[in-house]
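As stored in model_9.tsv (TSV, C-alpha atoms):
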```
chain	number	residue	atom	x	y	z
A	194	MET	CA	52.02	123.23	72.68
A	195	ALA	CA	53.77	124.31	75.85
A	196	GLU	CA	54.95	127.88	76.21
A	197	ASN	CA	57.71	129.31	78.37
A	198	VAL	CA	57.80	132.23	80.76
A	199	GLN	CA	61.11	134.03	81.01
A	200	VAL	CA	62.44	135.59	84.22
A	201	GLU	CA	65.36	138.05	84.11
A	202	ALA	CA	67.32	138.70	87.30
A	203	ALA	CA	69.72	141.57	87.92
A	204	ARG	CA	72.64	139.43	89.08
A	205	ILE	CA	73.74	135.78	88.98
A	206	PRO	CA	73.30	135.20	92.75
A	207	ASP	CA	69.75	136.60	92.55
A	208	ARG	CA	68.98	134.33	89.61
A	209	ASP	CA	70.34	131.29	91.45
A	210	ARG	CA	68.33	131.99	94.60
A	211	LEU	CA	65.11	132.60	92.66
A	212	LEU	CA	65.76	129.50	90.55
A	213	GLN	CA	65.93	127.43	93.74
A	214	GLU	CA	62.75	129.05	95.11
A	215	LEU	CA	60.87	128.24	91.89
A	216	ARG	CA	62.10	124.64	91.91
A	217	ASP	CA	61.11	124.32	95.58
A	218	ALA	CA	57.62	125.47	94.54
A	219	GLY	CA	57.47	122.48	92.17
A	220	LEU	CA	58.18	124.31	88.91
A	221	ASP	CA	60.48	122.95	86.21
A	222	ALA	CA	62.58	126.12	86.15
A	223	ARG	CA	65.93	126.05	84.35
A	224	PRO	CA	68.76	128.56	84.06
A	225	VAL	CA	69.42	130.24	80.71
A	226	ASP	CA	72.50	132.37	80.04
A	227	GLU	CA	73.88	134.28	83.02
A	228	VAL	CA	70.82	135.86	84.63
A	229	SER	CA	67.76	134.31	82.98
A	230	ILE	CA	65.35	131.59	84.04
A	231	GLU	CA	62.93	129.80	81.75
A	232	VAL	CA	59.82	128.07	83.10
A	233	PRO	CA	57.78	125.81	80.79
A	234	CYS	CA	54.02	126.20	81.21
A	235	GLY	CA	50.72	125.67	79.45
A	236	ASP	CA	49.23	129.16	79.59
A	237	ALA	CA	52.04	131.73	79.62
A	238	GLU	CA	49.91	134.65	80.87
A	239	GLN	CA	48.46	132.71	83.80
A	240	ALA	CA	51.88	131.22	84.62
A	241	ALA	CA	53.51	134.67	84.48
A	242	ASP	CA	51.08	135.90	87.13
A	243	LYS	CA	51.91	132.90	89.35
A	244	LEU	CA	55.65	133.41	88.80
A	245	LEU	CA	55.33	137.10	89.64
A	246	ALA	CA	53.71	136.19	92.97
A	247	LEU	CA	56.41	133.58	93.68
A	248	ALA	CA	59.14	136.09	92.82
A	249	GLU	CA	57.59	138.65	95.19
A	250	ASP	CA	57.51	136.05	97.98
A	251	ALA	CA	61.13	135.03	97.32
A	252	ILE	CA	62.30	138.65	97.34
A	253	MET	CA	60.48	139.30	100.62
A	254	SER	CA	61.97	136.16	102.25
A	255	ILE	CA	65.47	137.09	101.08
A	256	GLY	CA	65.04	140.70	102.15
A	257	ALA	CA	66.60	141.91	98.91
A	258	PRO	CA	65.93	145.46	97.68
A	259	PHE	CA	64.45	144.33	94.36
A	260	VAL	CA	61.14	144.73	92.60
A	261	PRO	CA	59.64	142.17	90.19
A	262	ILE	CA	58.07	143.74	87.11
A	263	LYS	CA	56.05	141.89	84.47
A	264	HIS	CA	56.41	143.38	80.99
A	265	GLU	CA	55.29	141.71	77.75
A	266	GLY	CA	55.34	138.22	79.24
A	267	VAL	CA	58.79	138.54	80.83
A	268	ILE	CA	59.34	139.03	84.56
A	269	TYR	CA	62.26	141.32	85.37
A	270	ILE	CA	63.80	141.37	88.85
A	271	ARG	CA	65.38	144.82	89.22
A	272	PRO	CA	66.37	147.35	91.88
A	273	PRO	CA	63.72	150.00	92.57
A	274	LEU	CA	63.78	152.96	90.18
A	275	SER	CA	64.10	155.52	92.98
```

Can you give me the file's structure in the form of structure tokens?
Amino acid sequence: MAENVQVEAARIPDRDRLLQELRDAGLDARPVDEVSIEVPCGDAEQAADKLLALAEDAIMSIGAPFVPIKHEGVIYIRPPLS
């Protein structure tokens, strides 16, 4: 049974850019609601680690002031806390 990893962005443009980056990396990422992305995978924990690394790379290439945080199987893309 396939599982999904959920990614939560802070804003719609951030979600759209990350969605494109994930698709360009060959993942079957799809938008959910306004700021979420869902990525089907076999092993959610292993996939979450890969998605976290891809999100970090995308944020660095965009130059956005955001930090990806993995918490309970969900990756949140948020501004730094301080």

Next item on the list: Report the distance between atom CA of Ala222 of chain A and atom CA of Gly256 of chain A in Å, rounded to one decimal place.
Entry: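 Between atom CA of Ala222 of chain A and atom CA of Gly256 of chain A the gap is 21.8 Å.
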
Around segment 238-249 of chain A, fit a box with edges along x, y and z, padding it by 4 Å on each side, then list its centre and edge lengths in Å to one decimal as AutoDock Vina command-line options.
```
--center_x 53.8 --center_y 134.9 --center_z 88.0 --size_x 18.7 --size_y 15.4 --size_z 22.3
```

Check: In Å, with one decimal, what is the gap from atom CA of Ala203 of chain A to atom CA of Arg216 of chain A?
Finding: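 Separation between atom CA of Ala203 of chain A and atom CA of Arg216 of chain A: 19.0 Å.
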
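Proximity of A:Glu238, A:Glu227, A:Val232, A:Ala202 to Val260 of chain A, computed with all atoms listed in the file, is greatest for A:Ala202.
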
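Nearest residue to Gln199 of chain A, choosing from A:Leu274, A:Leu211, A:Ala241, A:Ala248 and counting only C-alpha atoms: A:Ala241.
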
Check: Quick one: distance from atom CA of Ile205 of chain A to atom CA of Gly235 of chain A in Å, one decimal?
Finding: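 Separation between atom CA of Ile205 of chain A and atom CA of Gly235 of chain A: 26.9 Å.
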
Within 12 Å of (55.2, 136.1, 96.1) in the file's own coordinates, which protein, DNA or RNA residues have an atom, counting all atoms listed in the file? List them as an mmCIF file with C-alpha atoms, in the coordinates of the input.
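Saved as selection21.cif:
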```
data_model
loop_
_atom_site.group_PDB
_atom_site.id
_atom_site.type_symbol
_atom_site.label_atom_id
_atom_site.label_comp_id
_atom_site.auth_asym_id
_atom_site.auth_seq_id
_atom_site.Cartn_x
_atom_site.Cartn_y
_atom_site.Cartn_z
ATOM 1 C CA LEU A 211 65.110 132.600 92.660
ATOM 2 C CA GLU A 214 62.750 129.050 95.110
ATOM 3 C CA LEU A 215 60.870 128.240 91.890
ATOM 4 C CA ALA A 218 57.620 125.470 94.540
ATOM 5 C CA ALA A 241 53.510 134.670 84.480
ATOM 6 C CA ASP A 242 51.080 135.900 87.130
ATOM 7 C CA LYS A 243 51.910 132.900 89.350
ATOM 8 C CA LEU A 244 55.650 133.410 88.800
ATOM 9 C CA LEU A 245 55.330 137.100 89.640
ATOM 10 C CA ALA A 246 53.710 136.190 92.970
ATOM 11 C CA LEU A 247 56.410 133.580 93.680
ATOM 12 C CA ALA A 248 59.140 136.090 92.820
ATOM 13 C CA GLU A 249 57.590 138.650 95.190
ATOM 14 C CA ASP A 250 57.510 136.050 97.980
ATOM 15 C CA ALA A 251 61.130 135.030 97.320
ATOM 16 C CA ILE A 252 62.300 138.650 97.340
ATOM 17 C CA MET A 253 60.480 139.300 100.620
ATOM 18 C CA SER A 254 61.970 136.160 102.250
ATOM 19 C CA ILE A 255 65.470 137.090 101.080
ATOM 20 C CA VAL A 260 61.140 144.730 92.600
ATOM 21 C CA PRO A 261 59.640 142.170 90.190
#
```
